[in-house]
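Novice: Next comes query.txt, compact mmCIF, C-alpha atoms:
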```
# COMPACT_ATOMS: atom_id res chain seq x y z
CA MET A 1 17.07 37.47 -53.10
CA ALA A 2 19.43 37.16 -56.06
CA CYS A 3 22.87 38.22 -57.12
CA THR A 4 23.60 40.04 -60.37
CA GLY A 5 26.11 38.75 -62.90
CA ALA A 6 27.18 37.45 -65.38
CA ARG A 7 9.63 8.06 -78.34
CA GLU A 8 6.16 4.41 -88.58
CA SER A 9 7.56 1.26 -88.46
CA GLY A 10 10.89 -0.14 -89.57
CA GLN A 11 10.23 0.46 -93.29
CA HIS A 12 12.93 3.11 -93.39
CA THR A 13 16.35 1.71 -94.17
CA ALA A 14 19.88 2.91 -94.75
CA ARG A 15 19.21 3.32 -98.51
CA SER A 16 18.13 6.94 -97.97
CA ALA A 17 20.22 9.24 -100.08
CA GLY A 18 22.41 11.79 -98.40
CA GLN A 19 22.66 9.81 -95.21
CA ARG A 20 25.98 9.92 -93.40
CA PRO A 21 27.92 6.70 -94.09
CA THR A 22 28.87 5.96 -90.49
CA PRO A 23 26.03 6.79 -88.12
CA THR A 24 26.94 6.97 -84.49
CA VAL A 25 25.16 5.97 -81.33
CA ALA A 26 26.35 7.30 -78.02
CA THR A 27 25.15 6.95 -74.45
CA VAL A 28 25.24 10.22 -72.55
CA GLY A 29 24.15 11.55 -69.19
CA PRO A 30 24.80 14.43 -66.83
CA ARG A 31 27.99 14.15 -64.84
CA LEU A 32 26.84 15.53 -61.52
CA GLN A 33 28.69 16.38 -58.35
CA PRO A 34 27.96 13.82 -55.57
CA ASP A 35 25.48 14.72 -52.85
CA ALA A 36 26.89 15.92 -49.56
CA GLU A 37 26.23 13.55 -46.66
CA GLU A 38 23.83 15.97 -44.97
CA VAL A 39 21.57 16.06 -48.04
CA GLY A 40 18.38 14.00 -47.70
CA LEU A 41 15.73 13.43 -50.35
CA VAL A 42 15.91 15.74 -53.38
CA GLN A 43 12.91 16.10 -55.70
CA LEU A 44 12.75 18.10 -58.93
CA TYR A 45 9.53 18.02 -60.97
CA ARG A 46 7.20 20.16 -63.05
CA GLY A 47 4.42 22.01 -61.26
CA ASP A 48 2.86 20.27 -58.27
CA ASP A 49 2.91 16.65 -59.54
CA GLU A 50 5.85 14.81 -58.04
CA ARG A 51 5.82 12.22 -60.85
CA GLN A 52 6.31 14.78 -63.61
CA TRP A 53 9.74 14.98 -65.18
CA PRO A 54 11.60 18.29 -64.92
CA ILE A 55 10.94 19.41 -68.50
CA LEU A 56 10.13 23.10 -68.88
CA LEU A 57 8.73 24.95 -71.90
CA LEU A 58 10.84 27.98 -72.75
CA ASN A 59 8.87 31.16 -72.00
CA GLY A 60 5.89 29.07 -70.89
CA ARG A 61 3.77 29.42 -67.79
CA ASP A 62 4.87 26.28 -65.98
CA VAL A 63 7.47 26.23 -63.24
CA LEU A 64 9.74 23.54 -61.88
CA THR A 65 9.59 22.67 -58.18
CA LEU A 66 12.71 21.82 -56.24
CA ARG A 67 12.24 20.23 -52.81
CA PHE A 68 15.00 18.89 -50.64
CA ASP A 69 15.99 18.23 -47.04
CA LEU A 70 19.13 18.97 -45.09
CA LEU A 71 19.60 16.57 -42.19
CA THR A 72 20.49 19.30 -39.71
CA ASP A 73 18.96 20.84 -36.60
CA ARG A 74 19.06 24.38 -37.96
CA GLY A 75 18.43 25.77 -41.40
CA ARG A 76 20.48 28.36 -43.24
CA PRO A 77 20.19 30.32 -46.49
CA LEU A 78 21.72 28.57 -49.51
CA SER A 79 22.37 29.49 -53.12
CA VAL A 80 21.41 27.89 -56.44
CA TYR A 81 23.39 28.20 -59.68
CA PHE A 82 22.38 27.13 -63.19
CA TYR A 83 24.54 25.70 -65.99
CA HIS A 84 23.66 25.23 -69.65
CA ALA A 85 24.89 22.06 -71.38
CA ASP A 86 24.90 20.59 -74.90
CA HIS A 87 23.25 17.27 -75.75
CA THR A 88 26.23 15.35 -74.34
CA TRP A 89 25.83 17.25 -71.06
CA ARG A 90 29.05 19.15 -71.54
CA ARG A 91 28.63 22.42 -69.71
CA ASP A 92 29.06 25.37 -72.02
CA LEU A 93 28.34 29.07 -72.44
CA ASN A 94 28.42 31.84 -69.87
CA PRO A 95 25.46 32.68 -67.60
CA ILE A 96 24.86 35.97 -69.37
CA GLU A 97 24.19 34.01 -72.59
CA TYR A 98 21.44 31.76 -71.20
CA LEU A 99 20.08 33.57 -68.12
CA GLU A 100 18.19 36.85 -67.80
CA ALA A 101 18.53 39.19 -64.84
CA PHE A 102 20.68 37.21 -62.40
CA ALA A 103 23.32 34.49 -62.42
CA ARG A 104 22.25 32.87 -59.17
CA ASP A 105 19.41 32.89 -56.67
CA ASP A 106 19.29 32.48 -52.90
CA LEU A 107 17.21 29.80 -51.18
CA VAL A 108 15.51 31.30 -48.15
CA ASP A 109 12.24 29.31 -48.05
CA TYR A 110 12.98 26.58 -45.52
CA VAL A 111 11.15 25.18 -42.49
CA PRO A 112 12.09 22.61 -39.83
CA SER A 113 10.59 19.13 -39.70
CA GLU A 114 7.82 18.49 -37.18
CA ARG A 115 7.85 15.71 -34.57
CA THR A 116 10.35 13.56 -36.47
CA ALA A 117 12.98 11.29 -34.94
CA VAL A 118 15.59 12.70 -37.32
CA ALA A 119 15.51 16.48 -37.45
CA TYR A 120 15.74 18.04 -40.90
CA GLN A 121 15.17 21.32 -42.70
CA HIS A 122 12.84 21.24 -45.70
CA TYR A 123 13.54 23.65 -48.57
CA THR A 124 11.17 24.60 -51.39
CA TYR A 125 12.17 26.59 -54.48
CA ARG A 126 10.24 27.24 -57.72
CA PHE A 127 11.61 28.60 -60.96
CA PRO A 128 11.56 30.41 -63.35
CA ASN A 129 10.81 33.41 -61.19
CA GLU A 130 11.58 37.11 -61.05
CA SER A 131 15.26 36.42 -60.49
CA ILE A 132 15.84 33.39 -62.75
CA ARG A 133 14.60 33.29 -66.35
CA PHE A 134 16.06 31.34 -69.25
CA ARG A 135 17.04 32.80 -72.61
CA LEU A 136 17.94 29.51 -74.31
CA SER A 137 16.60 25.98 -74.58
CA GLY A 138 18.74 22.92 -73.91
CA ASN A 139 19.99 20.70 -71.13
CA TYR A 140 20.50 22.34 -67.77
CA ILE A 141 22.07 21.49 -64.42
CA LEU A 142 21.25 23.23 -61.17
CA ARG A 143 23.70 23.33 -58.30
CA VAL A 144 22.79 24.05 -54.68
CA THR A 145 25.63 25.38 -52.57
CA GLU A 146 26.42 27.17 -49.38
CA GLN A 147 25.27 30.75 -49.71
CA GLY A 148 27.36 32.63 -52.22
CA GLN A 149 29.98 29.87 -52.45
CA GLU A 150 29.71 28.27 -55.90
CA ALA A 151 32.38 25.67 -55.15
CA ALA A 152 30.82 24.57 -51.82
CA VAL A 153 28.48 22.06 -53.52
CA LEU A 154 25.67 20.33 -51.65
CA PHE A 155 24.12 18.60 -54.68
CA GLU A 156 23.36 18.93 -58.41
CA ARG A 157 20.36 17.84 -60.51
CA ALA A 158 19.55 17.91 -64.23
CA PHE A 159 16.52 19.36 -66.06
CA PHE A 160 15.47 20.38 -69.58
CA VAL A 161 14.18 23.56 -71.22
CA VAL A 162 12.46 22.90 -74.58
CA GLU A 163 11.34 25.35 -77.27
CA GLY A 164 8.42 23.30 -78.57
CA LYS A 165 9.20 24.40 -82.16
CA THR A 166 8.36 20.99 -83.61
CA ARG A 167 6.01 18.14 -82.75
CA VAL A 168 7.96 14.92 -82.15
CA GLU A 169 6.31 11.58 -82.92
CA VAL A 170 7.91 8.51 -81.38
CA ILE A 171 7.39 5.16 -83.16
CA LEU A 172 8.42 1.88 -81.54
CA GLU A 173 9.59 -1.22 -83.39
CA ASP A 174 10.10 -4.67 -81.88
CA PHE A 175 13.61 -5.84 -82.65
CA PRO A 176 14.03 -9.63 -82.32
CA GLY A 177 17.30 -10.99 -81.04
CA ALA A 178 18.85 -13.74 -79.00
CA ARG A 179 16.85 -12.84 -75.90
CA ALA A 180 13.59 -14.49 -74.87
CA PHE A 181 11.79 -11.16 -75.38
CA PRO A 182 12.30 -8.64 -78.21
CA SER A 183 14.20 -5.41 -77.81
CA VAL A 184 12.61 -2.10 -78.74
CA ARG A 185 14.08 0.24 -81.34
CA PRO A 186 12.55 3.72 -81.29
CA LEU A 187 12.30 6.14 -84.20
CA ALA A 188 11.66 9.86 -83.87
CA ARG A 189 9.71 11.62 -86.64
CA PHE A 190 9.41 15.40 -86.86
CA ARG A 191 9.15 18.22 -89.36
CA ALA A 192 12.23 20.41 -89.49
CA PRO A 193 11.40 24.06 -88.74
CA MET A 194 11.46 26.24 -91.85
CA GLU A 195 14.57 28.18 -90.89
CA MET A 196 16.51 24.96 -90.11
CA ARG A 197 15.70 22.78 -93.13
CA GLY A 198 19.02 23.24 -94.89
CA ALA A 199 21.17 21.70 -92.18
CA VAL A 200 19.79 18.19 -91.63
CA PHE A 201 23.08 16.90 -90.28
CA ASP A 202 23.10 19.43 -87.47
CA TYR A 203 20.37 17.47 -85.67
CA VAL A 204 20.86 14.78 -83.07
CA VAL A 205 18.12 12.83 -81.28
CA CYS A 206 18.52 11.30 -77.83
CA PHE A 207 16.19 8.65 -76.41
CA ALA A 208 15.47 7.69 -72.80
CA ARG A 209 13.32 4.96 -71.27
CA ASN A 210 11.22 5.57 -68.15
CA GLY A 211 13.02 8.76 -67.25
CA THR A 212 16.50 7.24 -67.15
CA PHE A 213 18.10 10.49 -68.23
CA GLU A 214 21.44 9.47 -66.79
CA ALA A 215 21.79 6.95 -69.66
CA MET A 216 20.28 8.57 -72.76
CA ARG A 217 21.01 6.96 -76.15
CA CYS A 218 21.74 9.42 -78.95
CA THR A 219 21.86 9.00 -82.72
CA ARG A 220 22.67 11.10 -85.77
CA ARG A 221 21.26 8.50 -88.19
CA VAL A 222 18.89 10.65 -90.24
CA LEU A 223 16.57 9.15 -92.90
CA LEU A 224 15.63 11.62 -95.62
CA ASP A 225 12.80 9.84 -97.47
CA GLU A 226 10.15 12.42 -96.57
CA GLN A 227 11.86 15.80 -96.31
CA PRO A 228 11.17 18.19 -94.68
CA VAL A 229 9.99 15.45 -92.32
CA LEU A 230 13.05 13.83 -90.77
CA HIS A 231 13.34 10.38 -89.22
CA PHE A 232 15.99 9.44 -86.67
CA LEU A 233 16.33 5.71 -85.97
CA LEU A 234 18.19 4.45 -82.95
CA GLU A 235 20.60 1.80 -84.20
CA GLU A 236 21.16 0.18 -80.82
CA PRO A 237 17.76 -0.95 -79.49
CA PHE A 238 16.71 -0.89 -75.87
CA PRO A 239 16.97 -4.47 -74.54
CA PRO A 240 14.16 -5.93 -72.44
CA GLU A 241 14.74 -5.57 -68.75
CA PRO A 242 12.74 -6.28 -65.60
CA ALA A 243 11.14 -3.48 -63.68
CA ASP A 244 13.10 -1.72 -60.98
CA TYR A 245 12.26 -2.68 -57.41
CA PHE A 246 9.49 -0.66 -55.77
CA LEU A 247 9.77 0.58 -52.19
CA ASP A 248 6.57 1.59 -50.36
CA LEU A 249 7.39 3.52 -47.20
CA GLY A 250 4.04 5.30 -47.16
CA GLY A 251 3.24 3.63 -43.85
CA LEU A 252 5.62 2.14 -41.33
CA GLN A 253 4.00 -1.19 -40.53
CA PRO A 254 4.75 -4.79 -41.53
CA GLY A 255 3.09 -5.99 -44.70
CA GLY A 256 3.93 -6.46 -48.34
CA LEU A 257 7.70 -6.38 -48.70
CA ILE A 258 8.22 -4.92 -45.21
CA GLU A 259 9.03 -7.82 -42.89
CA ARG A 260 9.69 -5.94 -39.68
CA VAL A 261 9.49 -2.41 -38.26
CA ASP A 262 11.10 -1.06 -35.10
CA ARG A 263 9.81 2.40 -34.15
CA SER A 264 11.36 2.31 -30.68
CA VAL A 265 14.75 3.40 -32.03
CA ARG A 266 15.80 6.72 -33.49
CA PRO A 267 15.60 6.73 -36.44
CA PRO A 268 12.99 3.98 -36.98
CA GLU A 269 14.25 0.84 -38.70
CA VAL A 270 12.63 -1.25 -41.46
CA TRP A 271 13.72 -4.67 -42.70
CA LEU A 272 12.69 -5.55 -46.24
CA ALA A 273 12.10 -9.04 -47.58
CA PRO A 274 15.14 -10.21 -49.55
CA ASP A 275 15.40 -9.34 -53.23
CA TYR A 276 16.52 -12.03 -55.66
CA VAL A 277 18.66 -11.52 -58.74
CA ARG A 278 16.66 -14.16 -60.61
CA PHE A 279 13.52 -12.02 -60.24
CA GLY A 280 13.01 -8.41 -61.21
CA GLY A 281 10.58 -5.98 -59.67
CA SER A 282 6.85 -6.57 -60.05
CA ASP A 283 5.16 -5.36 -63.25
CA THR A 284 2.11 -4.40 -61.19
CA ASP A 285 4.00 -1.86 -59.09
CA PRO A 286 3.35 1.83 -59.78
CA LEU A 287 5.44 3.23 -62.62
CA LEU A 288 7.18 6.16 -60.94
CA LEU A 289 9.36 6.97 -63.96
CA GLY A 290 12.47 7.45 -61.86
CA GLN A 291 10.84 9.89 -59.45
CA SER A 292 10.11 9.68 -55.71
CA VAL A 293 6.68 10.61 -54.34
CA VAL A 294 6.04 11.89 -50.81
CA GLY A 295 3.13 14.30 -50.57
CA ALA A 296 0.32 12.06 -51.88
CA VAL A 297 1.36 8.70 -50.44
CA VAL A 298 2.61 9.06 -46.84
CA ARG A 299 -0.22 7.71 -44.67
CA ASP A 300 0.95 8.05 -41.07
CA ALA A 301 2.51 11.51 -40.91
CA PRO A 302 -0.12 14.14 -39.97
CA GLY A 303 0.18 17.55 -41.53
CA ASP A 304 2.38 18.28 -44.54
CA PRO A 305 4.24 15.00 -45.29
CA HIS A 306 7.14 16.92 -46.73
CA ARG A 307 7.80 18.18 -43.17
CA THR A 308 6.39 15.35 -41.02
CA ALA A 309 7.54 12.20 -42.86
CA GLU A 310 10.22 10.23 -41.04
CA TYR A 311 13.66 9.31 -42.24
CA VAL A 312 13.99 5.54 -41.82
CA ARG A 313 16.96 3.18 -41.72
CA VAL A 314 16.01 0.62 -44.37
CA HIS A 315 17.75 -2.76 -44.43
CA PHE A 316 18.22 -4.17 -47.96
CA ARG A 317 19.14 -7.77 -48.73
CA LEU A 318 19.99 -9.20 -52.15
CA GLU A 319 20.43 -12.91 -52.79
CA PRO A 320 22.46 -13.54 -55.97
CA GLU A 321 22.94 -16.78 -57.85
CA ARG A 322 26.61 -16.39 -56.93
CA PRO A 323 28.69 -13.54 -55.47
CA TRP A 324 30.49 -11.08 -57.71
CA ARG A 325 34.11 -10.09 -57.59
CA ARG A 326 33.20 -6.45 -58.13
CA PRO A 327 31.67 -3.96 -55.68
CA LEU A 328 27.87 -3.97 -55.47
CA TRP A 329 25.95 -0.78 -54.78
CA LEU A 330 22.40 0.27 -54.06
CA THR A 331 20.96 3.24 -55.92
CA GLY A 332 17.48 4.65 -56.46
CA SER A 333 15.20 7.63 -56.82
CA PHE A 334 15.82 8.46 -53.16
CA ALA A 335 19.42 9.27 -54.12
CA GLY A 336 18.91 10.84 -57.53
CA TRP A 337 20.20 7.54 -59.02
CA MET A 338 23.66 8.37 -57.78
CA LEU A 339 25.92 6.55 -55.34
CA ARG A 340 26.97 7.36 -51.84
CA PRO A 341 29.80 5.64 -49.95
CA SER A 342 27.31 4.31 -47.41
CA TYR A 343 25.26 2.65 -50.18
CA ARG A 344 27.85 -0.02 -50.93
CA LEU A 345 26.51 -3.48 -49.96
CA GLN A 346 28.56 -6.02 -48.06
CA TRP A 347 28.69 -9.77 -48.70
CA ASN A 348 27.47 -11.93 -45.80
CA PRO A 349 29.15 -15.33 -46.34
CA GLU A 350 27.04 -17.09 -43.71
CA ARG A 351 23.71 -16.05 -45.23
CA ARG A 352 25.04 -16.04 -48.80
CA ARG A 353 23.66 -12.64 -49.61
CA TYR A 354 24.52 -8.96 -49.85
CA GLU A 355 23.32 -6.62 -47.12
CA GLY A 356 23.20 -2.88 -46.66
CA VAL A 357 21.38 0.00 -44.98
CA ALA A 358 20.19 3.35 -46.33
CA LEU A 359 18.54 6.30 -44.62
CA ILE A 360 15.40 7.01 -46.70
CA LYS A 361 12.48 9.38 -46.28
CA GLN A 362 8.98 7.97 -46.12
CA GLY A 363 7.28 7.83 -49.52
CA TRP A 364 7.30 5.80 -52.73
CA HIS A 365 10.64 5.09 -54.34
CA THR A 366 12.23 2.79 -56.94
CA TYR A 367 15.67 1.28 -56.70
CA ARG A 368 18.12 -1.14 -58.29
CA TYR A 369 21.47 -2.77 -57.64
CA VAL A 370 24.54 -1.97 -59.73
CA LEU A 371 28.06 -3.34 -60.11
CA ASN A 372 31.04 -1.00 -60.14
CA GLY A 373 28.64 1.87 -59.66
CA ALA A 374 27.24 1.62 -63.21
CA GLN A 375 26.31 -1.85 -64.51
CA PRO A 376 22.79 -2.86 -63.37
CA VAL A 377 22.35 -6.31 -61.89
CA ARG A 378 19.65 -7.83 -64.05
CA ALA A 379 17.39 -10.81 -63.62
CA ASN A 380 18.09 -13.81 -65.83
CA ALA A 381 16.82 -13.94 -69.42
CA SER A 382 13.62 -15.83 -68.54
CA ALA A 383 12.36 -13.11 -66.19
CA LEU A 384 9.34 -11.19 -67.51
CA PRO A 385 10.18 -7.62 -68.57
CA ARG A 386 7.95 -4.72 -67.65
CA ALA A 387 4.99 -4.72 -70.06
CA GLU A 388 4.64 -0.92 -70.15
CA ASN A 389 7.47 1.53 -70.64
CA ILE A 390 7.60 5.16 -71.70
CA TYR A 391 10.15 6.14 -74.34
CA THR A 392 11.10 9.80 -74.73
CA ALA A 393 12.84 11.45 -77.68
CA PHE A 394 14.72 14.75 -77.38
CA VAL A 395 15.42 16.61 -80.65
CA TYR A 396 18.51 18.83 -80.55
CA TYR A 397 19.82 21.23 -83.16
CA ARG A 398 23.38 22.51 -83.22
CA ASP A 399 23.17 26.29 -83.44
CA VAL A 400 26.56 27.46 -84.66
CA GLY A 401 25.72 31.07 -83.94
CA ARG A 402 25.08 30.31 -80.29
CA GLY A 403 27.82 27.71 -79.95
CA SER A 404 25.59 25.09 -78.36
CA ASP A 405 22.63 22.74 -78.88
CA ARG A 406 19.04 23.94 -78.82
CA LEU A 407 16.33 21.55 -77.62
CA LEU A 408 13.60 21.98 -80.24
CA GLY A 409 11.07 19.34 -79.18
CA VAL A 410 10.31 16.40 -76.93
CA GLY A 411 8.03 13.44 -77.70
CA HIS A 412 6.81 10.43 -75.74
CA GLN A 413 5.39 6.99 -76.55
CA THR A 414 4.29 4.11 -74.41
CA GLY A 415 5.25 0.59 -75.45
CA ARG A 416 6.77 -2.71 -74.41
```
Written as structure tokens, that's how I'd like the structure from this file.

Specialist:
Amino acid sequence: MACTGARESGQHTARSAGQRPTPTVATVGPRLQPDAEEVGLVQLYRGDDERQWPILLLNGRDVLTLRFDLLTDRGRPLSVYFYHADHTWRRDLNPIEYLEAFARDDLVDYVPSERTAVAYQHYTYRFPNESIRFRLSGNYILRVTEQGQEAAVLFERAFFVVEGKTRVEVILEDFPGARAFPSVRPLARFRAPMEMRGAVFDYVVCFARNGTFEAMRCTRRVLLDEQPVLHFLLEEPFPPEPADYFLDLGGLQPGGLIERVDRSVRPPEVWLAPDYVRFGGSDTDPLLLGQSVVGAVVRDAPGDPHRTAEYVRVHFRLEPERPWRRPLWLTGSFAGWMLRPSYRLQWNPERRRYEGVALIKQGWHTYRYVLNGAQPVRANASALPRAENIYTAFVYYRDVGRGSDRLLGVGHQTGR
């Protein structure tokens, strides 16, 4: 039920006439409320493919699927709220301006887990639906709360609604530097819609690599050589970086990176082989693009894996070249790339490594280690970067009449 209410080469240069003299590059991302401790795995994707990013075509036929678990013995109805945001993820506008029909929806489709050591309630919600429809394109944030209590937040996640008014071509350029491997500088090329051709400086383009939407790089540097075709070049290239670490919990048995499994305890426990700062993740691992996958990969949970997969205490170990003086954290797709207090790793002086434990649902996940909650711990410069990456460009237009940014088009390109 619902409640009423309100990614062409580098031939283009800065010589283009009419270009703003001081282009800006900014890194932006959604500032989300932290997950409550009882929240388990949260997945948000398009349609039925768990690897698809949550990008929705305005007034299209596709839906987004939200799945999540509450680590409780009994389920209860919850509510979901939606917030529109500009390209910097600043929340703006009132619900009546970007939503049709209702300002919130209630989540009543939940079922208990089956034969699992840790009991949980699994929720499924798909939108748009009869209660929730979007009037405007742009960045969006959904918030799940206790029923009817907007401030009683359980978690938040980000998604996109795009108009598809223009086709976005993404062109990648190798950018040599001091590193052993070149950086990549993307350029977005698109034709300005007829009604928006007179305001070229009202556009901004944001780029993301491999679905890292929490650290999008935005630019206003417009090149006007081929009007009405516009080119936006990212001034600050994406540096090479090793792949994230891949975690395969599809089956709970030793092998691969799983050194040991203890299923006699509740919840089951898994010990992973140590990770090393001087090595990144393997380039041959599946490219999950920041998403977690459960339904198609869990091998030892009969029935619907979303309800029968176990939550497992996973022991992580990281061996650095030397310890840091700043806090080290674990984050990954299993946590929406956010931090929880329990995900802080502790230094073991006897073993000369960092250690930590996280409760993670069976499935495929990717993860990394970060300092101070933000700075990734990277392998040294000689480590091989991932050979294949997907770069995404988001084209925004500042609509003065609506007081916010419209998302006109999205483009992708695969490259180094």

Novice: At most 6 Å is the cut-off: for each residue in stretch 127-233 of chain A with any atom that close to an atom of stretch 99-106 of chain A, write down the nearest atom pair and the distance in Å rounded to one decimal, counting all atoms listed in the file, chain first then increasing number, as CSV.

Specialist:
```
residue,atom,partner,partner_atom,distance
A:Ser131,CA,A:Phe102,CA,5.8
A:Arg133,CA,A:Glu100,CA,5.3
A:Phe134,CA,A:Leu99,CA,4.7
A:Arg135,CA,A:Leu99,CA,5.5
```

Novice: Emit the selected residues as a PDB file, in the coordinates of the input, including C-alpha atoms.

Specialist:
```pdb
ATOM      1  CA  SER A 131      15.260  36.420 -60.490  1.00  0.00           C
ATOM      2  CA  ARG A 133      14.600  33.290 -66.350  1.00  0.00           C
ATOM      3  CA  PHE A 134      16.060  31.340 -69.250  1.00  0.00           C
ATOM      4  CA  ARG A 135      17.040  32.800 -72.610  1.00  0.00           C
TER       5      ARG A 135
END
```

Novice: Give the answer as one residue: which of A:Val63, A:Arg191, A:Asp174, A:Arg260 has the shortest atom-to-atom distance to A:Glu130, using only C-alpha atoms?

Specialist: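 Looking only at the distances to A:Glu130, the closest residue turns out to be A:Val63.
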
Novice: Need to verify the contact set: A:Gly295, 9 Å, only C-alpha atoms, exclusion of same-chain residues closer than 4 positions in sequence. Can you return it as a VMD selection string?

Specialist: chain A and resid 50 304 to 306 363

Novice: Out of A:Val377, A:Ala335, A:Leu66, A:Val297, which residue has the shortest atom-to-atom distance to A:Glu319 when counting all atoms listed in the file?

Specialist: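 Closest residue, counting all atoms listed in the file: A:Val377.
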
Novice: Counting all atoms listed in the file, which residues of stretch 116-186 of chain A fall within 8 Å of stretch 214-238 of chain A, and what is the closest atom pair for each with its distance in Å at one decimal, ordered by chain and rising number, as a tab-separated table?

Specialist:
```
residue	atom	partner	partner_atom	distance
A:Phe175	CA	A:Pro237	CA	7.1
A:Ser183	CA	A:Phe238	CA	5.5
A:Val184	CA	A:Phe238	CA	5.1
A:Arg185	CA	A:Pro237	CA	4.3
A:Pro186	CA	A:Leu234	CA	5.9
```

Novice: Filtering to C-alpha atoms, could you give me those residues as an mmCIF file, in the coordinates of the input?

Specialist:
```cif
data_model
loop_
_atom_site.group_PDB
_atom_site.id
_atom_site.type_symbol
_atom_site.label_atom_id
_atom_site.label_comp_id
_atom_site.auth_asym_id
_atom_site.auth_seq_id
_atom_site.Cartn_x
_atom_site.Cartn_y
_atom_site.Cartn_z
ATOM 1 C CA PHE A 175 13.610 -5.840 -82.650
ATOM 2 C CA SER A 183 14.200 -5.410 -77.810
ATOM 3 C CA VAL A 184 12.610 -2.100 -78.740
ATOM 4 C CA ARG A 185 14.080 0.240 -81.340
ATOM 5 C CA PRO A 186 12.550 3.720 -81.290
#
```

Novice: Leaving out A:Gly403 and any residue of its chain fewer than 6 positions from it, which residues lie within 10 Å of it when counting all atoms listed in the file, given as a PyMOL selection string?

Specialist: chain A and resi 86+92-93

Novice: So which residues touch A:Val168 within 7 Å, counting only C-alpha atoms, skipping near sequence neighbours fewer than 6 positions away, as number ranges by chain?

Specialist: A: 188-190, 409-411

Novice: Have a look at atom CA of A:Gln33 and atom CA of A:Trp337 and let me know their distance in Å, one decimal.

Specialist: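 Between atom CA of A:Gln33 and atom CA of A:Trp337 the gap works out to 12.3 Å.
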
Novice: For atom CA of A:Phe155 and atom CA of A:Ala117, determine how far apart the two atoms are, in Å to one decimal place.

Specialist: 23.8 Å

Novice: Identify which of the residues A:Ser404, A:Gln52, A:Gln362, A:Thr284 lies closest to A:Ala387, counting all atoms listed in the file when measuring atom-to-atom distances.

Specialist: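 Between A:Ser404, A:Gln52, A:Gln362, A:Thr284, the residue approaching A:Ala387 most closely is A:Thr284.
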
Novice: From the set A:Leu32, A:Val294, A:Ile132, A:Leu288, which residue has the shortest atom-to-atom contact distance to A:Arg307, counting all atoms listed in the file?

Specialist: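 Comparing A:Leu32, A:Val294, A:Ile132, A:Leu288 against A:Arg307, the winner is A:Val294.
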
Novice: Looking at A:Pro34, A:Ile55, A:Cys206, A:Leu371, which one is nearest to A:Ala152, with distances taken over only C-alpha atoms?

Specialist: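 Smallest separation from A:Ala152 among the options: A:Pro34.
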
Novice: Taking (6.4, 31.5, -70.5) in the file's own coordinates, collect the residues within 12 Å, counting all atoms listed in the file, and hand them back as a list in words.

Specialist: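 Those residues, ordered by chain and then number, are Leu56, Leu57, Leu58, Asn59, Gly60, Arg61, Asp62, Val63, Phe127, Pro128, Asn129, Arg133, Phe134, Arg135, Val161, Val162, Glu163 and Gly164 of chain A.
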